[in-house]
Each structure stands twice: as C-alpha cells, then as structure tokens.
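Below is model.pdb, holding PDB, C-alpha atoms.
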ATOM      1  CA  MET H  81      16.556  21.546 -18.743  1.00  0.00           C
ATOM      2  CA  ALA H  82      17.587  20.389 -15.308  1.00  0.00           C
ATOM      3  CA  PRO H  83      18.160  16.642 -14.989  1.00  0.00           C
ATOM      4  CA  PRO H  84      15.422  14.731 -13.172  1.00  0.00           C
ATOM      5  CA  VAL H  85      15.927  14.279  -9.451  1.00  0.00           C
ATOM      6  CA  VAL H  86      16.829  10.680  -8.624  1.00  0.00           C
ATOM      7  CA  HIS H  87      15.931   9.701  -5.077  1.00  0.00           C
ATOM      8  CA  SER H  88      17.756   6.942  -3.251  1.00  0.00           C
ATOM      9  CA  LEU H  89      15.835   3.887  -2.082  1.00  0.00           C
ATOM     10  CA  ARG H  90      16.010   5.187   1.478  1.00  0.00           C
ATOM     11  CA  GLU H  91      14.516   8.528   0.405  1.00  0.00           C
ATOM     12  CA  GLN H  92      11.735   6.815  -1.526  1.00  0.00           C
ATOM     13  CA  ILE H  93      10.854   4.702   1.525  1.00  0.00           C
ATOM     14  CA  ARG H  94      10.948   7.766   3.755  1.00  0.00           C
ATOM     15  CA  GLU H  95       8.553   9.604   1.405  1.00  0.00           C
ATOM     16  CA  HIS H  96       6.255   6.558   1.374  1.00  0.00           C
ATOM     17  CA  ILE H  97       6.080   6.512   5.180  1.00  0.00           C
ATOM     18  CA  VAL H  98       5.630  10.282   5.464  1.00  0.00           C
ATOM     19  CA  GLU H  99       2.811  10.225   2.928  1.00  0.00           C
ATOM     20  CA  GLY H 100       1.171   7.390   4.862  1.00  0.00           C
ATOM     21  CA  ILE H 101       1.322   9.385   8.097  1.00  0.00           C
ATOM     22  CA  ILE H 102       0.029  12.575   6.489  1.00  0.00           C
ATOM     23  CA  ARG H 103      -2.843  10.760   4.775  1.00  0.00           C
ATOM     24  CA  GLY H 104      -3.808   8.942   7.958  1.00  0.00           C
ATOM     25  CA  ARG H 105      -2.699   5.406   7.140  1.00  0.00           C
ATOM     26  CA  TRP H 106      -0.774   5.498  10.417  1.00  0.00           C
ATOM     27  CA  GLN H 107      -2.460   7.533  13.136  1.00  0.00           C
ATOM     28  CA  PRO H 108      -0.664   9.268  16.033  1.00  0.00           C
ATOM     29  CA  GLY H 109       0.355   6.605  18.543  1.00  0.00           C
ATOM     30  CA  GLU H 110       0.034   3.782  16.020  1.00  0.00           C
ATOM     31  CA  ARG H 111       2.876   1.324  15.508  1.00  0.00           C
ATOM     32  CA  ILE H 112       4.811   1.223  12.224  1.00  0.00           C
ATOM     33  CA  VAL H 113       6.094  -2.293  11.541  1.00  0.00           C
ATOM     34  CA  GLU H 114       9.434  -2.260   9.745  1.00  0.00           C
ATOM     35  CA  ARG H 115       9.106  -5.796   8.387  1.00  0.00           C
ATOM     36  CA  ARG H 116       5.624  -5.117   6.988  1.00  0.00           C
ATOM     37  CA  ILE H 117       6.839  -2.079   5.032  1.00  0.00           C
ATOM     38  CA  ALA H 118       9.790  -4.059   3.658  1.00  0.00           C
ATOM     39  CA  VAL H 119       7.448  -6.809   2.403  1.00  0.00           C
ATOM     40  CA  GLU H 120       4.990  -4.321   0.961  1.00  0.00           C
ATOM     41  CA  LEU H 121       7.683  -2.403  -0.957  1.00  0.00           C
ATOM     42  CA  GLU H 122       9.660  -5.570  -1.800  1.00  0.00           C
ATOM     43  CA  VAL H 123      12.893  -4.262  -0.260  1.00  0.00           C
ATOM     44  CA  SER H 124      15.182  -5.395   2.521  1.00  0.00           C
ATOM     45  CA  GLN H 125      14.641  -4.106   6.043  1.00  0.00           C
ATOM     46  CA  THR H 126      17.927  -2.155   6.020  1.00  0.00           C
ATOM     47  CA  PRO H 127      16.768   0.880   3.968  1.00  0.00           C
ATOM     48  CA  VAL H 128      13.446   0.841   5.836  1.00  0.00           C
ATOM     49  CA  ARG H 129      15.353   1.027   9.111  1.00  0.00           C
ATOM     50  CA  GLU H 130      17.471   3.901   7.748  1.00  0.00           C
ATOM     51  CA  ALA H 131      14.350   5.813   6.655  1.00  0.00           C
ATOM     52  CA  LEU H 132      12.761   5.316  10.065  1.00  0.00           C
ATOM     53  CA  ARG H 133      15.910   6.633  11.766  1.00  0.00           C
ATOM     54  CA  GLU H 134      15.673   9.816   9.700  1.00  0.00           C
ATOM     55  CA  LEU H 135      12.033  10.279  10.613  1.00  0.00           C
ATOM     56  CA  GLU H 136      12.883   9.766  14.272  1.00  0.00           C
ATOM     57  CA  ALA H 137      15.525  12.507  13.956  1.00  0.00           C
ATOM     58  CA  LEU H 138      12.752  14.761  12.607  1.00  0.00           C
ATOM     59  CA  ARG H 139      10.705  13.841  15.717  1.00  0.00           C
ATOM     60  CA  LEU H 140       7.897  12.501  13.573  1.00  0.00           C
ATOM     61  CA  ILE H 141       8.146   9.002  15.035  1.00  0.00           C
ATOM     62  CA  GLU H 142       9.569   7.558  18.244  1.00  0.00           C
ATOM     63  CA  SER H 143      10.941   4.199  19.263  1.00  0.00           C
ATOM     64  CA  ALA H 144      11.106   2.440  22.603  1.00  0.00           C
ATOM     65  CA  PRO H 145      12.607  -0.898  23.715  1.00  0.00           C
ATOM     66  CA  ASN H 146      10.136  -3.777  23.279  1.00  0.00           C
ATOM     67  CA  LYS H 147       7.519  -1.382  21.904  1.00  0.00           C
ATOM     68  CA  GLY H 148       8.825  -0.774  18.397  1.00  0.00           C
ATOM     69  CA  VAL H 149       8.335   2.372  16.355  1.00  0.00           C
ATOM     70  CA  ARG H 150       5.240   4.540  16.670  1.00  0.00           C
ATOM     71  CA  VAL H 151       3.952   7.786  15.180  1.00  0.00           C
ATOM     72  CA  ARG H 152       4.445  10.535  17.741  1.00  0.00           C
ATOM     73  CA  GLU H 153       1.441  12.116  19.400  1.00  0.00           C
ATOM     74  CA  LEU H 154       2.094  15.623  18.123  1.00  0.00           C
ATOM     75  CA  SER H 155       0.423  18.733  19.495  1.00  0.00           C
ATOM     76  CA  ALA H 156       0.226  22.278  18.171  1.00  0.00           C
ATOM     77  CA  ALA H 157       3.011  23.143  20.633  1.00  0.00           C
ATOM     78  CA  ASP H 158       5.287  20.508  19.057  1.00  0.00           C
ATOM     79  CA  LEU H 159       4.637  21.898  15.596  1.00  0.00           C
ATOM     80  CA  GLU H 160       5.080  25.476  16.786  1.00  0.00           C
ATOM     81  CA  GLU H 161       8.668  24.880  17.893  1.00  0.00           C
ATOM     82  CA  ILE H 162       9.991  24.616  14.365  1.00  0.00           C
ATOM     83  CA  TYR H 163       8.658  27.970  13.154  1.00  0.00           C
ATOM     84  CA  PRO H 164      10.996  30.369  15.043  1.00  0.00           C
ATOM     85  CA  VAL H 165      13.988  28.332  13.825  1.00  0.00           C
ATOM     86  CA  ARG H 166      12.692  28.286  10.272  1.00  0.00           C
ATOM     87  CA  ALA H 167      11.851  32.012  10.421  1.00  0.00           C
ATOM     88  CA  GLY H 168      15.407  32.865  11.437  1.00  0.00           C
ATOM     89  CA  LEU H 169      16.865  30.802   8.600  1.00  0.00           C
ATOM     90  CA  GLU H 170      14.527  32.300   6.027  1.00  0.00           C
ATOM     91  CA  GLN H 171      15.161  35.840   7.243  1.00  0.00           C
ATOM     92  CA  MET H 172      18.864  35.284   6.600  1.00  0.00           C
ATOM     93  CA  ALA H 173      18.142  33.637   3.249  1.00  0.00           C
ATOM     94  CA  ALA H 174      15.883  36.505   2.144  1.00  0.00           C
ATOM     95  CA  GLU H 175      18.541  39.101   2.901  1.00  0.00           C
ATOM     96  CA  LEU H 176      21.148  37.125   0.938  1.00  0.00           C
ATOM     97  CA  ALA H 177      18.764  36.401  -1.948  1.00  0.00           C
ATOM     98  CA  ALA H 178      17.307  39.914  -2.218  1.00  0.00           C
ATOM     99  CA  PRO H 179      19.520  41.213  -5.076  1.00  0.00           C
ATOM    100  CA  LEU H 180      18.971  38.093  -7.202  1.00  0.00           C
ATOM    101  CA  LEU H 181      15.216  37.879  -6.635  1.00  0.00           C
ATOM    102  CA  ALA H 182      14.754  41.602  -7.260  1.00  0.00           C
ATOM    103  CA  GLU H 183      16.282  41.158 -10.705  1.00  0.00           C
ATOM    104  CA  ASP H 184      14.717  37.791 -11.520  1.00  0.00           C
ATOM    105  CA  PRO H 185      11.710  36.585  -9.500  1.00  0.00           C
ATOM    106  CA  SER H 186      10.941  33.837 -12.033  1.00  0.00           C
ATOM    107  CA  ARG H 187      11.888  31.037  -9.642  1.00  0.00           C
ATOM    108  CA  LEU H 188       9.147  32.145  -7.209  1.00  0.00           C
ATOM    109  CA  ALA H 189       6.420  33.314  -9.612  1.00  0.00           C
ATOM    110  CA  PRO H 190       5.270  29.849 -10.855  1.00  0.00           C
ATOM    111  CA  HIS H 191       4.530  28.781  -7.280  1.00  0.00           C
ATOM    112  CA  VAL H 192       2.383  31.872  -6.713  1.00  0.00           C
ATOM    113  CA  THR H 193       0.417  31.151  -9.905  1.00  0.00           C
ATOM    114  CA  ALA H 194      -0.040  27.522  -8.829  1.00  0.00           C
ATOM    115  CA  LEU H 195      -1.170  28.630  -5.360  1.00  0.00           C
ATOM    116  CA  TYR H 196      -3.958  30.743  -6.864  1.00  0.00           C
ATOM    117  CA  ASP H 197      -5.197  27.604  -8.642  1.00  0.00           C
ATOM    118  CA  ALA H 198      -4.828  25.544  -5.450  1.00  0.00           C
ATOM    119  CA  ASP H 199      -6.695  28.135  -3.371  1.00  0.00           C
ATOM    120  CA  ARG H 200      -9.593  28.214  -5.830  1.00  0.00           C
ATOM    121  CA  ALA H 201      -9.795  24.419  -5.865  1.00  0.00           C
ATOM    122  CA  ALA H 202      -9.228  24.111  -2.090  1.00  0.00           C
ATOM    123  CA  ASP H 203      -6.526  21.588  -3.019  1.00  0.00           C
ATOM    124  CA  GLY H 204      -4.639  21.029   0.237  1.00  0.00           C
ATOM    125  CA  GLU H 205      -1.995  18.823  -1.338  1.00  0.00           C
ATOM    126  CA  ALA H 206      -1.120  21.461  -3.953  1.00  0.00           C
ATOM    127  CA  GLN H 207      -1.134  24.179  -1.302  1.00  0.00           C
ATOM    128  CA  VAL H 208       1.467  22.262   0.682  1.00  0.00           C
ATOM    129  CA  ARG H 209       3.572  21.419  -2.378  1.00  0.00           C
ATOM    130  CA  HIS H 210       3.745  24.962  -3.749  1.00  0.00           C
ATOM    131  CA  THR H 211       4.040  26.683  -0.387  1.00  0.00           C
ATOM    132  CA  VAL H 212       7.083  24.553   0.360  1.00  0.00           C
ATOM    133  CA  GLY H 213       8.356  24.954  -3.219  1.00  0.00           C
ATOM    134  CA  PHE H 214       8.173  28.753  -2.935  1.00  0.00           C
ATOM    135  CA  HIS H 215      10.155  28.791   0.299  1.00  0.00           C
ATOM    136  CA  ARG H 216      12.669  26.234  -0.932  1.00  0.00           C
ATOM    137  CA  GLU H 217      13.413  28.394  -3.983  1.00  0.00           C
ATOM    138  CA  LEU H 218      13.726  31.453  -1.755  1.00  0.00           C
ATOM    139  CA  VAL H 219      16.321  29.705   0.408  1.00  0.00           C
ATOM    140  CA  ARG H 220      18.081  28.250  -2.644  1.00  0.00           C
ATOM    141  CA  ALA H 221      18.364  31.763  -4.123  1.00  0.00           C
ATOM    142  CA  SER H 222      20.539  32.743  -1.148  1.00  0.00           C
ATOM    143  CA  GLY H 223      23.375  30.823  -2.794  1.00  0.00           C
ATOM    144  CA  ASN H 224      24.410  29.458   0.610  1.00  0.00           C
ATOM    145  CA  SER H 225      24.546  25.656   0.512  1.00  0.00           C
ATOM    146  CA  VAL H 226      24.931  25.320   4.300  1.00  0.00           C
ATOM    147  CA  LEU H 227      21.824  27.407   4.832  1.00  0.00           C
ATOM    148  CA  LEU H 228      19.881  25.328   2.306  1.00  0.00           C
ATOM    149  CA  HIS H 229      21.059  22.048   3.859  1.00  0.00           C
ATOM    150  CA  THR H 230      20.070  23.235   7.348  1.00  0.00           C
ATOM    151  CA  TRP H 231      16.637  24.343   6.099  1.00  0.00           C
ATOM    152  CA  GLU H 232      16.095  21.035   4.290  1.00  0.00           C
ATOM    153  CA  SER H 233      17.078  19.080   7.397  1.00  0.00           C
ATOM    154  CA  LEU H 234      14.128  20.580   9.284  1.00  0.00           C
ATOM    155  CA  GLY H 235      11.704  18.548   7.181  1.00  0.00           C
ATOM    156  CA  ILE H 236       9.707  21.639   6.204  1.00  0.00           C
ATOM    157  CA  GLU H 237       7.362  19.795   3.851  1.00  0.00           C
ATOM    158  CA  VAL H 238       6.406  17.276   6.522  1.00  0.00           C
ATOM    159  CA  TRP H 239       5.699  19.908   9.163  1.00  0.00           C
ATOM    160  CA  THR H 240       3.816  22.176   6.742  1.00  0.00           C
ATOM    161  CA  ALA H 241       1.600  19.282   5.695  1.00  0.00           C
ATOM    162  CA  LEU H 242       0.962  18.268   9.290  1.00  0.00           C
ATOM    163  CA  SER H 243       0.111  21.838  10.301  1.00  0.00           C
ATOM    164  CA  ILE H 244      -2.458  22.095   7.517  1.00  0.00           C
ATOM    165  CA  ARG H 245      -3.924  18.591   7.580  1.00  0.00           C
ATOM    166  CA  TRP H 246      -3.749  17.625  11.256  1.00  0.00           C
ATOM    167  CA  LEU H 247      -4.353  20.979  12.907  1.00  0.00           C
ATOM    168  CA  GLY H 248      -6.351  22.750  10.239  1.00  0.00           C
ATOM    169  CA  THR H 249      -3.886  25.633   9.953  1.00  0.00           C
ATOM    170  CA  VAL H 250      -5.247  27.691   7.071  1.00  0.00           C
ATOM    171  CA  GLN H 251      -4.067  31.075   5.841  1.00  0.00           C
ATOM    172  CA  GLN H 252      -6.629  33.472   4.423  1.00  0.00           C
ATOM    173  CA  SER H 253      -5.045  33.058   0.992  1.00  0.00           C
ATOM    174  CA  TYR H 254      -1.853  31.131   0.403  1.00  0.00           C
ATOM    175  CA  ALA H 255      -1.434  32.776  -2.996  1.00  0.00           C
ATOM    176  CA  GLU H 256      -1.960  36.362  -1.855  1.00  0.00           C
ATOM    177  CA  GLU H 257       0.414  36.007   1.090  1.00  0.00           C
ATOM    178  CA  HIS H 258       3.177  34.575  -1.080  1.00  0.00           C
ATOM    179  CA  GLU H 259       2.564  37.111  -3.829  1.00  0.00           C
ATOM    180  CA  ALA H 260       3.067  39.851  -1.215  1.00  0.00           C
ATOM    181  CA  VAL H 261       6.500  38.388  -0.419  1.00  0.00           C
ATOM    182  CA  LEU H 262       7.340  38.201  -4.135  1.00  0.00           C
ATOM    183  CA  LEU H 263       6.339  41.857  -4.656  1.00  0.00           C
ATOM    184  CA  ALA H 264       8.483  42.900  -1.680  1.00  0.00           C
ATOM    185  CA  PHE H 265      11.508  41.358  -3.394  1.00  0.00           C
ATOM    186  CA  GLN H 266      10.625  43.075  -6.671  1.00  0.00           C
ATOM    187  CA  ARG H 267      10.363  46.523  -5.086  1.00  0.00           C
ATOM    188  CA  ARG H 268      13.638  45.935  -3.189  1.00  0.00           C
ATOM    189  CA  ASP H 269      12.002  46.474   0.181  1.00  0.00           C
ATOM    190  CA  PRO H 270      14.824  47.159   2.673  1.00  0.00           C
ATOM    191  CA  ARG H 271      12.851  45.295   5.355  1.00  0.00           C
ATOM    192  CA  ILE H 272      12.626  42.095   3.283  1.00  0.00           C
ATOM    193  CA  GLY H 273      14.270  39.930   5.936  1.00  0.00           C
ATOM    194  CA  GLU H 274      11.836  41.062   8.627  1.00  0.00           C
ATOM    195  CA  LEU H 275       8.887  40.683   6.251  1.00  0.00           C
ATOM    196  CA  VAL H 276       9.817  37.085   5.433  1.00  0.00           C
ATOM    197  CA  LYS H 277      10.382  36.311   9.113  1.00  0.00           C
ATOM    198  CA  ALA H 278       6.932  37.681  10.005  1.00  0.00           C
ATOM    199  CA  HIS H 279       5.382  35.743   7.109  1.00  0.00           C
ATOM    200  CA  VAL H 280       6.845  32.443   8.337  1.00  0.00           C
ATOM    201  CA  LEU H 281       5.857  33.060  11.958  1.00  0.00           C
ATOM    202  CA  GLY H 282       2.347  33.890  10.762  1.00  0.00           C
ATOM    203  CA  CYS H 283       2.090  30.374   9.321  1.00  0.00           C
ATOM    204  CA  ALA H 284       2.599  28.723  12.716  1.00  0.00           C
ATOM    205  CA  PRO H 285      -0.408  26.792  14.082  1.00  0.00           C
ATOM    206  CA  ALA H 286      -2.306  28.530  16.835  1.00  0.00           C
ATOM    207  CA  PRO H 287      -2.210  26.769  20.232  1.00  0.00           C
ATOM    208  CA  ARG H 288      -5.384  24.879  21.101  1.00  0.00           C
TER
END

Please re-express this file's structure in structure tokens.
Amino acid sequence: MAPPVVHSLREQIREHIVEGIIRGRWQPGERIVERRIAVELEVSQTPVREALRELEALRLIESAPNKGVRVRELSAADLEEIYPVRAGLEQMAAELAAPLLAEDPSRLAPHVTALYDADRAADGEAQVRHTVGFHRELVRASGNSVLLHTWESLGIEVWTALSIRWLGTVQQSYAEEHEAVLLAFQRRDPRIGELVKAHVLGCAPAPR
C-alpha cells in the first residue's frame, strides 16, 4: 500500500481557503482576512500568508495596497484560458503514457467506475474529484515528473470545480466521456494524443 499523503500546514490552509471559495463562503469580490483565518485555524499568520500567495499565483485571488486580499471576479473567459494550456500538456502526457495504459489501465478504471456513481447521484463534488483524479493519473502515467509538476501547478482541481459550480459547466456524462478515453488507450488508438486534447478542450466553459 502507498503511504498516506501528508500535507504541509501551508497546503492544508490553502485547501481550506479553496474549499471556502468553491462552496461560496467567500464570494467573488469579497475580502479574505488573513488574521481571521489564522485565528479560526489556530495557526500563525505566516503559513496563511504563504497559502494566499500561492492562490494569488493561481489567479484565484488578488491583492491591492490598502485593500487587502479579495476573491477575483472570474468570468468564463478567465476560466477558458487554462484549457488550451492544459490540453497541450495532456496531449503530450497521453502520447508518453500510451504504452503503459494500453497494458494496464487499472489506474484510470476506478475513476470511471466512481464517475458512473457520481453521475447517477448528480454528486458534483465527486464528479470534480474523480474527473481530476482520472486526469492526474493519466499525466502521472507519462513518467515525466516535469510534466506532472507543470500540470499540478495549474491548479486543475480548483479550476475544474469553479467551471462546474460557478459556471454550470456540465458534460453530458462525465463517466461515458472518460470511459471513451480509457477505451482509446486500451485499443492503442494512434490518435490518442489528439483525442485527449479534444476531450480536454471540450470541457472548457462556454462563453456567456
């Protein structure tokens, strides 16, 4: 068994803030008070500040002199920008991972099964978790640590959640679309890179 993942204090605080934004505790344009979070979580302000810096690098929040930190007013256009970058990375990952995933798709299959359950239950949280999990395993299967690090740095889970929950981006069936990608790996489709690229671009929110 793999050892449990141990998150640093900074990462835990970052996840707490992200979850608060996604669930609507902090609305777009609303101020996030560093000191208040530190008191609430019973930590010093230093790791809170570090977590907020990371979220600013992801363009999820913004800071201004004498105005503090606020949740960015994000539009569909803002969210759209990440998808061509992500699609290019995943196209490369799919081509590198193709031999491994053709032989052993077991790292992707559990997410497809879970997505069928999530689709039936209309469980948005599970749809986000397993959609991101599927793509993370795909990129990990490339065996390229630089590629994985670059993909992770995009904050895919955050943007996927925001696309679904803020903009109502909904695929016809998360499970069926991801199963189609899995089957393409299994049949050794020579166009796998292009198929994955098209799949990712198809997940982008439509402009309003």

* Between CA of His279 (chain H) and CA of Asp199 (chain H), distance in Å (one decimal) ->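 Separating CA of His279 (chain H) from CA of Asp199 (chain H) is a distance of 17.7 Å.
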
* To do: Could you give me, as a PyMOL selection string, the residues within 10 Å of Asp158 (chain H), counting all atoms listed in the file and dropping anything in the same chain fewer than 2 positions from it?
  => chain H and resi 139+153-156+160-162+239+285+287

Selection to disk with C-alpha atoms, as an mmCIF file, keeping the file's coordinate frame:
data_model
loop_
_atom_site.group_PDB
_atom_site.id
_atom_site.type_symbol
_atom_site.label_atom_id
_atom_site.label_comp_id
_atom_site.auth_asym_id
_atom_site.auth_seq_id
_atom_site.Cartn_x
_atom_site.Cartn_y
_atom_site.Cartn_z
ATOM 1 C CA ARG H 139 10.705 13.841 15.717
ATOM 2 C CA GLU H 153 1.441 12.116 19.400
ATOM 3 C CA LEU H 154 2.094 15.623 18.123
ATOM 4 C CA SER H 155 0.423 18.733 19.495
ATOM 5 C CA ALA H 156 0.226 22.278 18.171
ATOM 6 C CA GLU H 160 5.080 25.476 16.786
ATOM 7 C CA GLU H 161 8.668 24.880 17.893
ATOM 8 C CA ILE H 162 9.991 24.616 14.365
ATOM 9 C CA TRP H 239 5.699 19.908 9.163
ATOM 10 C CA PRO H 285 -0.408 26.792 14.082
ATOM 11 C CA PRO H 287 -2.210 26.769 20.232
#

* When you draw a straight line from CA of Glu120 (chain H) to CA of Gln207 (chain H), how long is it in Å? ->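 According to the coordinates, CA of Glu120 (chain H) and CA of Gln207 (chain H) are separated by 29.2 Å.
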
* Find the distance between CA of Leu262 (chain H) and CA of Ala174 (chain H) and write it in Å to one decimal. =>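 Distance reported for this atom pair: 10.7 Å.
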
* **Distance query region 176-183 of chain H at most 8 Å, only C-alpha atoms, self and fewer than 5 positions along chain excluded, as a PyMOL selection string** => chain H and resi 218-219+221-223+265-268+272

Mind writing the picked residues with C-alpha atoms as a PDB file, in the frame of the given file?
ATOM      1  CA  LEU H 218      13.726  31.453  -1.755  1.00  0.00           C
ATOM      2  CA  VAL H 219      16.321  29.705   0.408  1.00  0.00           C
ATOM      3  CA  ALA H 221      18.364  31.763  -4.123  1.00  0.00           C
ATOM      4  CA  SER H 222      20.539  32.743  -1.148  1.00  0.00           C
ATOM      5  CA  GLY H 223      23.375  30.823  -2.794  1.00  0.00           C
ATOM      6  CA  PHE H 265      11.508  41.358  -3.394  1.00  0.00           C
ATOM      7  CA  GLN H 266      10.625  43.075  -6.671  1.00  0.00           C
ATOM      8  CA  ARG H 267      10.363  46.523  -5.086  1.00  0.00           C
ATOM      9  CA  ARG H 268      13.638  45.935  -3.189  1.00  0.00           C
ATOM     10  CA  ILE H 272      12.626  42.095   3.283  1.00  0.00           C
TER      11      ILE H 272
END

* Would you kindly return, as a VMD selection string, each protein, DNA or RNA residue with an atom no farther than 10 Å from any atom of Ser233 (chain H), considering all atoms listed in the file and excluding same-chain residues fewer than 6 positions away? => chain H and resid 134 137 to 138 227

* Among listed residues H:Ile102, H:Met172, H:Val165, H:Val128, nearest Glu274 (chain H) (using all atoms listed in the file) -> H:Met172

Write out, as a tab-separated table, each residue of region 209-288 of chain H that has an atom at most 10 Å from region 193-197 of chain H, together with the closest pair of atoms and their distance in Å to one decimal, counting all atoms listed in the file, rows going by chain and rising number.
residue	atom	partner	partner_atom	distance
H:Arg209	CA	H:Leu195	CA	9.1
H:His210	CA	H:Leu195	CA	6.3
H:Thr211	CA	H:Leu195	CA	7.5
H:Phe214	CA	H:Leu195	CA	9.7
H:Ser253	CA	H:Tyr196	CA	8.3
H:Tyr254	CA	H:Leu195	CA	6.3
H:Ala255	CA	H:Leu195	CA	4.8
H:Glu256	CA	H:Tyr196	CA	7.8
H:Glu257	CA	H:Leu195	CA	9.9
H:His258	CA	H:Leu195	CA	8.5
H:Glu259	CA	H:Thr193	CA	8.8

Padded axis-aligned box of region 226-243 of chain H (4 Å per side), centre and edge lengths, Å, one decimal, as JSON:
{"center_x": 12.5, "center_y": 22.3, "center_z": 6.3, "size_x": 32.8, "size_y": 18.1, "size_z": 16.0}

* To do: Output the residue selection produced by the PyMOL selection byres ((chain H and resi 150) around 6) on the file above, formatted as a list of chain:residue names.
  =>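 On this input, the PyMOL selection byres ((chain H and resi 150) around 6) captures H:Gly109, H:Glu110, H:Arg111, H:Ile112, H:Ile141, H:Glu142, H:Val149, H:Val151.
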
* Choose the residue, out of H:Gln107, H:Gln171, H:Gln92, H:Ser143, that has the smallest atom-to-atom separation from Val276 (chain H); count all atoms listed in the file. => H:Gln171

* Determine the residue set returned by the PyMOL selection byres ((chain H and resi 121) around 12) for the present structure, and present it as an NGL selection string. => :H and (89-90 or 92-94 or 96-97 or 114-120 or 122-125 or 127-128)
